[in-house]
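A.B. asks: Below you'll find the structure I mean.
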Amino acid sequence: MSDDDARTVITACPNGPLLVRGDFAIAAEPGADPERPDRAVVALCRCGASSIKPLCDGTHKLIGFTTGKSRG
């Protein structure tokens, strides 16, 4: 495994979820045992309206969620 394979990369999608790639585990709640997902990329909700939190279910598109103005 190279250093690139082991690192975790989080990408904030404009007006959408956080995409998490790499070596990571997710705890469903504080104090819970973290579990490694069975996929290479996971989308985490940041609009707060997903029915499968902490994962994204695409609801951000239906409710018009925006992340604000982009900085440039």
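Residues are named by chain letter and number: chains run A, B, ... in the order of the structure tokens, numbers start at 1 in each chain, and ligands are numbered from 1 in the order shown.
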I'd like the neighbourhood of A:Ile26 as a list of chain:residue names, where a residue qualifies if any of its atoms comes within 12 Å (using only C-alpha atoms), though same-chain residues fewer than 4 positions away should be ignored.

C.D. replies: A:Val20, A:Pro30, A:Gly31, A:Ala32, A:Asp33, A:Pro34, A:Glu35, A:Arg36, A:Pro37, A:Asp38, A:Val42, A:Ala43, A:Leu44, A:Lys53, A:Pro54, A:Leu55

A.B. asks: Based on the backbone DSSP call, show me all residues of chain A assigned strand (DSSP E), as a compact mmCIF listing (two decimals) with N, CA and C atoms, in the first residue's frame.

C.D. replies:
# COMPACT_ATOMS: atom_id res chain seq x y z
N VAL A 9 -9.22 11.38 1.71
CA VAL A 9 -9.47 12.64 1.03
C VAL A 9 -10.96 12.95 1.14
N ILE A 10 -11.28 14.15 1.61
CA ILE A 10 -12.67 14.59 1.71
C ILE A 10 -12.87 15.74 0.73
N THR A 11 -13.84 15.59 -0.16
CA THR A 11 -14.14 16.60 -1.16
C THR A 11 -15.51 17.18 -0.90
N ALA A 12 -15.58 18.49 -0.73
CA ALA A 12 -16.86 19.17 -0.51
C ALA A 12 -17.47 19.50 -1.88
N LEU A 18 -20.42 15.71 1.24
CA LEU A 18 -18.98 15.56 1.38
C LEU A 18 -18.65 14.16 0.88
N LEU A 19 -17.76 14.05 -0.09
CA LEU A 19 -17.34 12.75 -0.59
C LEU A 19 -16.08 12.34 0.15
N VAL A 20 -16.08 11.15 0.72
CA VAL A 20 -14.94 10.65 1.49
C VAL A 20 -14.35 9.46 0.76
N ARG A 21 -13.06 9.54 0.45
CA ARG A 21 -12.33 8.47 -0.24
C ARG A 21 -11.12 8.08 0.58
N VAL A 41 -15.92 4.97 -1.95
CA VAL A 41 -16.31 6.38 -1.78
C VAL A 41 -17.66 6.42 -1.08
N VAL A 42 -17.77 7.30 -0.08
CA VAL A 42 -19.03 7.47 0.64
C VAL A 42 -19.40 8.94 0.59
N ALA A 43 -20.69 9.23 0.39
CA ALA A 43 -21.19 10.61 0.39
C ALA A 43 -21.86 10.88 1.73
N LEU A 44 -21.33 11.87 2.45
CA LEU A 44 -21.90 12.24 3.75
C LEU A 44 -22.80 13.47 3.59

A.B. asks: As an exercise, work out the distance from atom CA of A:Ser51 to atom CA of A:Pro17 in Å and give it to one decimal place.

C.D. replies: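 Spanning atom CA of A:Ser51 to atom CA of A:Pro17 is a straight-line distance of 13.6 Å.
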
A.B. asks: Would you list the contacts of A:Thr8 as a PDB file with C-alpha atoms, in the first residue's frame, taking every protein, DNA or RNA residue within 7 Å and counting only C-alpha atoms, but skipping same-chain residues closer than 4 positions in sequence?

C.D. replies:
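The resulting file, selection27.pdb, is shown below:
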ATOM      1  CA  ARG A  21     -12.335   8.466  -0.244  1.00  0.00           C
ATOM      2  CA  GLY A  22      -9.520   6.391   1.193  1.00  0.00           C
ATOM      3  CA  ASP A  23      -8.905   4.549   4.431  1.00  0.00           C
ATOM      4  CA  PHE A  24     -11.638   5.529   6.912  1.00  0.00           C
TER       5      PHE A  24
END

A.B. asks: Could you pull out the helix (DSSP H, G or I) residues of chain A, going by DSSP on the backbone, and write them as a ChimeraX atom specification?

C.D. replies: /A:3-6,59-63

A.B. asks: What lies within 8 Å of stretch 56-65 of chain A using only C-alpha atoms, ignoring chain neighbours under 6 positions off, as a PyMOL selection string?

C.D. replies: chain A and resi 15-17+43-47+49-50
